[in-house]
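A.B. asks: Contents of protein38.cif (mmCIF, C-alpha atoms) are below:
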```
data_model
#
loop_
_atom_site.label_atom_id
_atom_site.label_comp_id
_atom_site.auth_asym_id
_atom_site.auth_seq_id
_atom_site.Cartn_x
_atom_site.Cartn_y
_atom_site.Cartn_z
CA MET A 1 0.00 0.00 0.00
CA LEU A 2 1.25 3.48 -0.84
CA ASP A 3 1.81 6.04 1.88
CA TYR A 4 -0.50 9.04 1.73
CA SER A 5 -1.34 12.22 3.56
CA ILE A 6 -4.78 13.62 4.38
CA GLN A 7 -5.42 17.37 4.28
CA ILE A 8 -8.49 19.51 4.90
CA ALA A 9 -9.90 20.75 1.60
CA GLY A 10 -12.99 22.60 2.83
CA GLU A 11 -15.67 22.63 5.50
CA SER A 12 -16.91 19.18 4.48
CA SER A 13 -14.11 17.64 2.45
CA LEU A 14 -10.70 16.03 2.80
CA ILE A 15 -8.08 15.33 0.13
CA LEU A 16 -5.70 12.39 0.04
CA TYR A 17 -2.25 12.71 -1.54
CA PRO A 18 0.15 9.83 -2.18
CA PRO A 19 3.82 10.90 -2.02
CA GLN A 20 4.59 10.17 -5.68
CA GLN A 21 3.70 12.09 -8.82
CA MET A 22 1.56 10.88 -11.73
CA SER A 23 2.18 7.26 -12.68
CA ALA A 24 0.13 4.21 -13.59
CA GLU A 25 0.89 2.71 -10.15
CA VAL A 26 -0.32 5.79 -8.29
CA ASN A 27 -3.42 6.10 -10.45
CA GLN A 28 -4.24 2.43 -9.88
CA TRP A 29 -3.96 3.02 -6.13
CA VAL A 30 -6.26 6.04 -6.45
CA LEU A 31 -8.93 3.98 -8.23
CA ALA A 32 -8.74 1.11 -5.77
CA ALA A 33 -8.87 3.50 -2.80
CA CYS A 34 -11.94 5.23 -4.25
CA GLN A 35 -13.77 1.91 -4.44
CA GLN A 36 -12.83 1.12 -0.85
CA LEU A 37 -13.91 4.53 0.44
CA GLU A 38 -17.23 4.50 -1.41
CA HIS A 39 -18.08 1.31 0.47
CA ALA A 40 -16.59 2.22 3.86
CA LEU A 41 -18.06 5.75 4.06
CA ALA A 42 -21.37 5.09 2.32
CA ASP A 43 -23.49 6.33 5.25
CA VAL A 44 -21.91 9.83 5.33
CA LEU A 45 -20.42 10.20 1.85
CA LEU A 46 -21.48 12.85 -0.66
CA ASP A 47 -18.83 12.20 -3.32
CA VAL A 48 -15.41 10.67 -3.99
CA THR A 49 -13.50 12.39 -6.81
CA PRO A 50 -10.34 10.76 -8.21
CA SER A 51 -7.62 12.73 -9.98
CA TYR A 52 -4.10 12.03 -11.27
CA ALA A 53 -2.60 11.51 -7.83
CA SER A 54 -5.21 12.57 -5.30
CA ILE A 55 -8.68 11.77 -3.99
CA LEU A 56 -11.21 14.36 -2.84
CA VAL A 57 -13.63 13.00 -0.25
CA SER A 58 -16.76 15.08 0.39
CA TYR A 59 -19.07 14.14 3.25
CA ASN A 60 -22.23 15.30 5.00
CA PRO A 61 -21.12 17.73 7.76
CA LEU A 62 -24.43 17.27 9.57
CA GLN A 63 -23.56 13.63 10.20
CA THR A 64 -19.83 13.68 10.97
CA ASP A 65 -16.67 15.79 11.04
CA HIS A 66 -13.06 15.91 9.77
CA PHE A 67 -11.67 13.92 12.67
CA LEU A 68 -14.09 11.00 12.38
CA VAL A 69 -13.88 10.84 8.60
CA LYS A 70 -10.08 10.93 8.67
CA ALA A 71 -10.04 8.06 11.17
CA ARG A 72 -12.46 6.03 9.05
CA ILE A 73 -10.37 6.66 5.93
CA ARG A 74 -7.25 5.42 7.71
CA GLN A 75 -9.10 2.35 8.91
CA ALA A 76 -10.65 1.60 5.50
CA LEU A 77 -7.35 1.85 3.65
CA ALA A 78 -5.22 0.06 6.24
CA ALA A 79 -5.72 -3.28 4.49
CA GLN A 80 -6.11 -1.82 1.00
CA SER A 81 -4.14 -3.92 -1.47
CA GLY A 82 -3.60 -1.26 -4.12
CA GLU A 83 -5.34 -3.28 -6.83
CA SER A 84 -8.52 -1.99 -8.42
CA GLN A 85 -11.42 -4.40 -8.28
CA GLN A 86 -12.24 -3.67 -11.91
CA ALA A 87 -9.88 -3.33 -14.85
CA GLY A 88 -10.52 -0.33 -17.07
CA LYS A 89 -11.98 -0.95 -20.50
CA LEU A 90 -10.31 -0.28 -23.84
CA VAL A 91 -11.88 2.55 -25.86
CA GLU A 92 -10.99 3.30 -29.48
CA LEU A 93 -11.39 6.89 -30.66
CA PRO A 94 -11.23 7.66 -34.41
CA VAL A 95 -9.33 10.79 -35.43
CA TYR A 96 -9.21 12.73 -38.69
CA TYR A 97 -5.60 13.91 -38.61
CA SER A 98 -4.88 16.59 -41.21
CA GLU A 99 -3.73 20.16 -41.67
CA GLU A 100 -7.41 21.00 -42.22
CA SER A 101 -8.56 19.49 -38.92
CA GLY A 102 -5.35 19.93 -36.90
CA PRO A 103 -4.03 23.49 -37.19
CA ASP A 104 -0.91 22.73 -35.11
CA LEU A 105 0.05 19.54 -36.94
CA THR A 106 2.52 21.15 -39.35
CA ARG A 107 4.09 23.34 -36.65
CA LEU A 108 4.66 20.34 -34.37
CA ALA A 109 6.21 18.35 -37.20
CA LYS A 110 8.67 21.16 -37.89
CA LEU A 111 9.35 21.76 -34.20
CA HIS A 112 10.28 18.12 -33.58
CA GLN A 113 11.93 17.59 -36.98
CA LEU A 114 9.40 14.97 -37.96
CA SER A 115 7.14 14.47 -40.94
CA ILE A 116 3.40 14.94 -40.50
CA GLU A 117 3.01 11.19 -41.03
CA GLN A 118 5.48 10.50 -38.22
CA VAL A 119 3.61 12.83 -35.85
CA ILE A 120 0.38 10.99 -36.58
CA GLU A 121 2.04 7.60 -36.17
CA LEU A 122 3.65 8.56 -32.85
CA HIS A 123 0.38 9.92 -31.48
CA GLN A 124 -1.50 6.73 -32.41
CA ALA A 125 1.13 4.31 -31.13
CA PRO A 126 0.57 4.26 -27.33
CA LEU A 127 -2.32 2.94 -25.32
CA TYR A 128 -3.20 5.98 -23.21
CA ARG A 129 -4.39 5.70 -19.64
CA VAL A 130 -7.22 8.00 -18.52
CA TYR A 131 -5.83 9.64 -15.40
CA ALA A 132 -8.54 12.19 -14.64
CA ILE A 133 -11.73 13.83 -15.91
CA GLY A 134 -11.78 17.60 -15.51
CA PHE A 135 -11.74 21.11 -16.98
CA ALA A 136 -15.08 20.31 -18.65
CA PRO A 137 -17.47 17.32 -18.51
CA GLY A 138 -16.01 14.62 -20.74
CA PHE A 139 -12.51 16.15 -20.92
CA ALA A 140 -10.26 13.17 -20.17
CA TYR A 141 -6.62 13.77 -19.30
CA MET A 142 -4.63 10.91 -20.84
CA GLY A 143 -0.98 9.93 -20.85
CA GLU A 144 1.62 9.56 -21.71
CA VAL A 145 2.42 11.01 -25.12
CA ASP A 146 5.67 9.80 -26.72
CA GLU A 147 8.46 12.08 -25.47
CA ARG A 148 9.34 12.88 -29.09
CA LEU A 149 5.98 14.69 -29.36
CA ALA A 150 5.94 16.38 -25.95
CA THR A 151 5.04 20.03 -26.55
CA PRO A 152 4.18 22.81 -24.07
CA ARG A 153 0.82 24.55 -24.12
CA LEU A 154 0.43 27.55 -26.39
CA ASP A 155 1.73 30.85 -25.01
CA SER A 156 -1.63 32.43 -25.90
CA PRO A 157 -4.65 30.12 -25.63
CA ARG A 158 -7.19 30.11 -28.44
CA ALA A 159 -10.52 31.78 -27.75
CA LYS A 160 -12.30 28.86 -29.46
CA VAL A 161 -11.19 25.26 -29.81
CA PRO A 162 -13.66 23.18 -31.84
CA LYS A 163 -15.65 20.31 -30.43
CA GLY A 164 -13.81 17.03 -30.93
CA ALA A 165 -10.34 18.60 -31.20
CA VAL A 166 -7.62 16.05 -30.41
CA ALA A 167 -4.77 17.79 -28.66
CA ILE A 168 -1.54 17.41 -26.72
CA ALA A 169 0.10 19.44 -23.95
CA ASP A 170 3.46 18.31 -22.61
CA ARG A 171 3.02 14.53 -22.34
CA GLN A 172 -0.76 14.59 -21.97
CA THR A 173 -3.37 14.17 -24.67
CA ALA A 174 -7.12 14.85 -24.66
CA VAL A 175 -10.20 15.41 -26.79
CA TYR A 176 -12.21 18.60 -26.30
CA PRO A 177 -15.82 17.43 -25.70
CA ALA A 178 -17.31 20.81 -26.65
CA GLU A 179 -16.23 24.10 -28.17
CA SER A 180 -14.28 26.05 -25.58
CA PRO A 181 -11.19 28.18 -25.04
CA GLY A 182 -7.99 26.16 -24.85
CA GLY A 183 -4.24 26.26 -25.08
CA TRP A 184 -3.38 22.73 -26.16
CA ASN A 185 -1.78 21.83 -29.51
CA LEU A 186 -4.37 20.57 -32.01
CA LEU A 187 -3.63 17.52 -34.18
CA GLY A 188 -7.02 16.50 -35.55
CA LEU A 189 -10.71 15.98 -34.86
CA CYS A 190 -12.69 13.11 -33.33
CA PRO A 191 -16.28 12.76 -34.62
CA LEU A 192 -17.63 10.95 -31.54
CA GLN A 193 -19.69 12.51 -28.75
CA LEU A 194 -17.48 12.66 -25.65
CA PHE A 195 -20.18 13.89 -23.28
CA ASP A 196 -23.93 13.38 -23.46
CA PRO A 197 -25.89 14.02 -20.23
CA ALA A 198 -28.90 12.21 -21.71
CA LYS A 199 -26.99 8.91 -21.82
CA THR A 200 -25.90 6.52 -19.09
CA PRO A 201 -22.97 6.59 -18.76
CA SER A 202 -22.68 10.16 -20.01
CA MET A 203 -19.06 9.67 -21.18
CA PRO A 204 -17.50 6.84 -23.22
CA VAL A 205 -14.35 6.91 -21.07
CA ALA A 206 -13.73 6.81 -17.33
CA VAL A 207 -10.71 7.15 -15.07
CA GLY A 208 -8.62 3.98 -15.36
CA ASP A 209 -9.70 3.18 -18.94
CA GLN A 210 -7.23 2.81 -21.78
CA VAL A 211 -7.66 4.72 -25.04
CA ARG A 212 -6.33 3.97 -28.50
CA PHE A 213 -6.52 6.63 -31.23
CA THR A 214 -7.02 5.37 -34.78
CA ALA A 215 -6.62 7.47 -37.95
CA ILE A 216 -9.57 7.85 -40.32
CA ASP A 217 -9.94 9.81 -43.53
CA LYS A 218 -12.17 12.81 -44.14
CA ALA A 219 -14.98 10.77 -45.70
CA GLU A 220 -15.17 8.46 -42.67
CA PHE A 221 -14.99 11.44 -40.31
CA LEU A 222 -18.02 13.01 -42.00
CA ARG A 223 -19.86 9.69 -42.16
CA LEU A 224 -19.46 9.33 -38.38
CA GLY A 225 -21.05 12.73 -37.83
CA GLY A 226 -17.96 14.92 -37.71
CA VAL A 227 -18.24 18.61 -38.61
CA LEU A 228 -15.48 20.79 -40.06
#
```
Would you write out, as structure tokens, the structure that this file holds?
C.D. replies:
Amino acid sequence: MLDYSIQIAGESSLILYPPQQMSAEVNQWVLAACQQLEHALADVLLDVTPSYASILVSYNPLQTDHFLVKARIRQALAAQSGESQQAGKLVELPVYYSEESGPDLTRLAKLHQLSIEQVIELHQAPLYRVYAIGFAPGFAYMGEVDERLATPRLDSPRAKVPKGAVAIADRQTAVYPAESPGGWNLLGLCPLQLFDPAKTPSMPVAVGDQVRFTAIDKAEFLRLGGVL
């Protein structure tokens, strides 16, 4: 079991931090701990929110307090094995990679002294782990991008990033689920709906899942409902 600290995060919440930074091992511990806490604190729990390397625990302050919840967390995780009870699923996301759909594709190729085809190949090659959902509903932070493609965020974020934009920032990758401002580097477009509140589940990916990007052409992108 990993060591961790517990800090107060608000009037009715605590946050757990393992000592290490983002890694598959830490994220696996986070997922397994969340499952354990959801069961152990069910009578007072409002929400358990996993992130890269932390867990936010929100509870009902009318039923308990920081001290009791902290003690129950320690007790619940004392015998925690570190293994998630459920393996994440594999999700394939189609991407129309092109200069038309990915305005930063050419710049990244030049920056890293690669061809456009090599950039696309390197982005498709890994199986990405979903480490967190945040920024916007359906925005999944995934890693890790091949170090040959690692690129900082833009100095000046765009006012509008299109829905479905497939992007990288440092060694993370993501798909914008809706049009929004953003400072990530854009490589292409995914035609699939990444967040639909009318569906259950509302997102095709969850923390702990693995994602594979697969290249499609423009005709297939449009056939799948993509919009340029």
A.B. asks: Need to verify the contact set: Leu222 (chain A), 12 Å, only C-alpha atoms, exclusion of same-chain residues closer than 4 positions in sequence. Can you return it as a list of chain:residue names?
C.D. replies: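 Close residues of Leu222 (chain A): A:Pro94, A:Val95, A:Tyr96, A:Ser101, A:Leu189, A:Cys190, A:Pro191, A:Leu192, A:Ile216, A:Asp217, A:Lys218, A:Gly226, A:Val227, A:Leu228.
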A.B. asks: Go ahead and dump the residues you just picked, C-alpha atoms, as a compact mmCIF listing (two decimals), in the coordinates of the input.
C.D. replies:
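Contents of the output file out_11.txt:
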```txt
# COMPACT_ATOMS: atom_id res chain seq x y z
CA PRO A 94 -11.23 7.66 -34.41
CA VAL A 95 -9.33 10.79 -35.43
CA TYR A 96 -9.21 12.73 -38.69
CA SER A 101 -8.56 19.49 -38.92
CA LEU A 189 -10.71 15.98 -34.86
CA CYS A 190 -12.69 13.11 -33.33
CA PRO A 191 -16.28 12.76 -34.62
CA LEU A 192 -17.63 10.95 -31.54
CA ILE A 216 -9.57 7.85 -40.32
CA ASP A 217 -9.94 9.81 -43.53
CA LYS A 218 -12.17 12.81 -44.14
CA GLY A 226 -17.96 14.92 -37.71
CA VAL A 227 -18.24 18.61 -38.61
CA LEU A 228 -15.48 20.79 -40.06
```
A.B. asks: How close does each residue of region 165-223 of chain A get to region 15-39 of chain A, giving the shortest atom pair and distance in Å to one decimal for every residue with an atom at most 12 Å away, counting only C-alpha atoms, sorted by chain and residue number, as a Markdown table?
C.D. replies:
```
| residue | atom | partner | partner_atom | distance |
| --- | --- | --- | --- | --- |
| A:Arg171 | CA | A:Met22 | CA | 11.3 |
| A:Gln172 | CA | A:Met22 | CA | 11.1 |
| A:Ala206 | CA | A:Leu31 | CA | 10.7 |
| A:Val207 | CA | A:Leu31 | CA | 7.7 |
| A:Gly208 | CA | A:Leu31 | CA | 7.1 |
| A:Asp209 | CA | A:Gln28 | CA | 10.6 |
| A:Gln210 | CA | A:Ala24 | CA | 11.1 |
```
A.B. asks: Do a neighbour search on Ile6 (chain A) at 12 Å with all atoms listed in the file, toss out local chain neighbours closer than 5 positions, and write the hits as a PDB file with C-alpha atoms, in the frame of the given file.
C.D. replies:
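Now in result_33.pdb:
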```
ATOM      1  CA  SER A  13     -14.110  17.640   2.450  1.00  0.00           C
ATOM      2  CA  LEU A  14     -10.700  16.030   2.800  1.00  0.00           C
ATOM      3  CA  ILE A  15      -8.080  15.330   0.130  1.00  0.00           C
ATOM      4  CA  LEU A  16      -5.700  12.390   0.040  1.00  0.00           C
ATOM      5  CA  TYR A  17      -2.250  12.710  -1.540  1.00  0.00           C
ATOM      6  CA  PRO A  18       0.150   9.830  -2.180  1.00  0.00           C
ATOM      7  CA  PRO A  19       3.820  10.900  -2.020  1.00  0.00           C
ATOM      8  CA  SER A  54      -5.210  12.570  -5.300  1.00  0.00           C
ATOM      9  CA  ILE A  55      -8.680  11.770  -3.990  1.00  0.00           C
ATOM     10  CA  LEU A  56     -11.210  14.360  -2.840  1.00  0.00           C
ATOM     11  CA  VAL A  57     -13.630  13.000  -0.250  1.00  0.00           C
ATOM     12  CA  HIS A  66     -13.060  15.910   9.770  1.00  0.00           C
ATOM     13  CA  PHE A  67     -11.670  13.920  12.670  1.00  0.00           C
ATOM     14  CA  VAL A  69     -13.880  10.840   8.600  1.00  0.00           C
ATOM     15  CA  LYS A  70     -10.080  10.930   8.670  1.00  0.00           C
ATOM     16  CA  ALA A  71     -10.040   8.060  11.170  1.00  0.00           C
ATOM     17  CA  ARG A  72     -12.460   6.030   9.050  1.00  0.00           C
ATOM     18  CA  ILE A  73     -10.370   6.660   5.930  1.00  0.00           C
ATOM     19  CA  ARG A  74      -7.250   5.420   7.710  1.00  0.00           C
TER      20      ARG A  74
END
```
A.B. asks: Report the distance between CA of Pro177 (chain A) and CA of Pro162 (chain A) in Å, rounded to one decimal place.
C.D. replies: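 Going from CA of Pro177 (chain A) over to CA of Pro162 (chain A) covers 8.7 Å.
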A.B. asks: Would you work out the distance separating CA of Glu179 (chain A) from CA of Leu105 (chain A), expressed in Å to one decimal?
C.D. replies: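 Calculated distance between CA of Glu179 (chain A) and CA of Leu105 (chain A) is 19.0 Å.
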A.B. asks: What lies within 7 Å of Phe139 (chain A) using only C-alpha atoms, ignoring chain neighbours under 5 positions off, as a list in words?
C.D. replies: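 Residues near the query, excluding close chain neighbours: Ile133, Gly134, Ala174, Val175, Tyr176 and Pro177 of chain A.
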A.B. asks: Kindly give the distance, in Å, that separates CA of His112 (chain A) and CA of Thr214 (chain A), rounded to a single decimal.
C.D. replies: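 So the two atoms, CA of His112 (chain A) and CA of Thr214 (chain A), lie 21.5 Å apart.
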A.B. asks: Quick check on the file I pasted: which residues fall under the PyMOL selection byres ((chain A and resi 116-128) around 8)? Write them as a PyMOL selection string.
C.D. replies: chain A and resi 97+105-106+108-109+114-115+129-130+142-146+149+210-215
A.B. asks: Quick one: of A:Pro152, A:Pro50, A:Gly164, A:Pro157, who's nearest to Leu93 (chain A), counting only C-alpha atoms?
C.D. replies: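 Using only C-alpha atoms, Leu93 (chain A) sits closest to A:Gly164.
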A.B. asks: Between A:Ser5, A:Thr173, A:Gln113, A:Asn60, which residue has the minimum interatomic distance to Asn185 (chain A), considering all atoms listed in the file?
C.D. replies: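 Using all atoms listed in the file, the shortest distance to Asn185 (chain A) belongs to A:Thr173.
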A.B. asks: Give the centre and edge lengths of an axis-aligned box, in Å to one decimal, that holds all listed atoms of region 37-40 of chain A with 5 Å on each side, as lines of an AutoDock Vina configuration file.
C.D. replies:
```
center_x = -16.0
center_y = 2.9
center_z = 1.2
size_x = 14.2
size_y = 13.2
size_z = 15.3
```
A.B. asks: Considering only C-alpha atoms, can you say which of A:Leu41, A:Gly182, A:Gly10, A:Gly138 comes closest to Pro201 (chain A)?
C.D. replies: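 Result for the nearest residue to Pro201 (chain A): A:Gly138.
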A.B. asks: Kindly output region 153-165 of chain A as a PDB file, in the frame of the given file, after building N, CA, C and O atoms.
C.D. replies:
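As a result, part.pdb now contains:
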```
ATOM      1  N   ARG A 153       2.030  23.840 -23.719  1.00  0.00           N
ATOM      2  CA  ARG A 153       0.820  24.550 -24.120  1.00  0.00           C
ATOM      3  C   ARG A 153       1.187  25.815 -24.891  1.00  0.00           C
ATOM      4  O   ARG A 153       2.291  26.335 -24.779  1.00  0.00           O
ATOM      5  N   LEU A 154       0.232  26.316 -25.645  1.00  0.00           N
ATOM      6  CA  LEU A 154       0.430  27.550 -26.390  1.00  0.00           C
ATOM      7  C   LEU A 154       0.672  28.719 -25.431  1.00  0.00           C
ATOM      8  O   LEU A 154       0.090  28.764 -24.349  1.00  0.00           O
ATOM      9  N   ASP A 155       1.506  29.658 -25.837  1.00  0.00           N
ATOM     10  CA  ASP A 155       1.730  30.850 -25.010  1.00  0.00           C
ATOM     11  C   ASP A 155       0.449  31.661 -24.859  1.00  0.00           C
ATOM     12  O   ASP A 155       0.176  32.220 -23.796  1.00  0.00           O
ATOM     13  N   SER A 156      -0.344  31.710 -25.926  1.00  0.00           N
ATOM     14  CA  SER A 156      -1.630  32.430 -25.900  1.00  0.00           C
ATOM     15  C   SER A 156      -2.739  31.461 -26.278  1.00  0.00           C
ATOM     16  O   SER A 156      -2.837  31.042 -27.440  1.00  0.00           O
ATOM     17  N   PRO A 157      -3.571  31.064 -25.326  1.00  0.00           N
ATOM     18  CA  PRO A 157      -4.650  30.120 -25.630  1.00  0.00           C
ATOM     19  C   PRO A 157      -5.596  30.654 -26.695  1.00  0.00           C
ATOM     20  O   PRO A 157      -5.794  31.854 -26.829  1.00  0.00           O
ATOM     21  N   ARG A 158      -6.173  29.745 -27.458  1.00  0.00           N
ATOM     22  CA  ARG A 158      -7.190  30.110 -28.440  1.00  0.00           C
ATOM     23  C   ARG A 158      -8.496  30.481 -27.727  1.00  0.00           C
ATOM     24  O   ARG A 158      -8.838  29.873 -26.717  1.00  0.00           O
ATOM     25  N   ALA A 159      -9.209  31.429 -28.298  1.00  0.00           N
ATOM     26  CA  ALA A 159     -10.520  31.780 -27.750  1.00  0.00           C
ATOM     27  C   ALA A 159     -11.531  30.680 -27.994  1.00  0.00           C
ATOM     28  O   ALA A 159     -12.446  30.456 -27.192  1.00  0.00           O
ATOM     29  N   LYS A 160     -11.365  29.941 -29.127  1.00  0.00           N
ATOM     30  CA  LYS A 160     -12.300  28.860 -29.460  1.00  0.00           C
ATOM     31  C   LYS A 160     -11.524  27.663 -29.986  1.00  0.00           C
ATOM     32  O   LYS A 160     -10.802  27.773 -30.972  1.00  0.00           O
ATOM     33  N   VAL A 161     -11.683  26.545 -29.327  1.00  0.00           N
ATOM     34  CA  VAL A 161     -11.190  25.260 -29.810  1.00  0.00           C
ATOM     35  C   VAL A 161     -12.421  24.455 -30.204  1.00  0.00           C
ATOM     36  O   VAL A 161     -13.380  24.362 -29.433  1.00  0.00           O
ATOM     37  N   PRO A 162     -12.444  23.867 -31.401  1.00  0.00           N
ATOM     38  CA  PRO A 162     -13.660  23.180 -31.840  1.00  0.00           C
ATOM     39  C   PRO A 162     -13.967  21.904 -31.068  1.00  0.00           C
ATOM     40  O   PRO A 162     -13.063  21.253 -30.529  1.00  0.00           O
ATOM     41  N   LYS A 163     -15.215  21.570 -31.019  1.00  0.00           N
ATOM     42  CA  LYS A 163     -15.650  20.310 -30.430  1.00  0.00           C
ATOM     43  C   LYS A 163     -14.956  19.153 -31.132  1.00  0.00           C
ATOM     44  O   LYS A 163     -14.865  19.118 -32.362  1.00  0.00           O
ATOM     45  N   GLY A 164     -14.448  18.201 -30.358  1.00  0.00           N
ATOM     46  CA  GLY A 164     -13.810  17.030 -30.930  1.00  0.00           C
ATOM     47  C   GLY A 164     -12.332  17.187 -31.214  1.00  0.00           C
ATOM     48  O   GLY A 164     -11.693  16.242 -31.691  1.00  0.00           O
ATOM     49  N   ALA A 165     -11.758  18.372 -30.918  1.00  0.00           N
ATOM     50  CA  ALA A 165     -10.340  18.600 -31.200  1.00  0.00           C
ATOM     51  C   ALA A 165      -9.472  17.656 -30.377  1.00  0.00           C
ATOM     52  O   ALA A 165      -9.616  17.557 -29.160  1.00  0.00           O
TER      53      ALA A 165
END
```
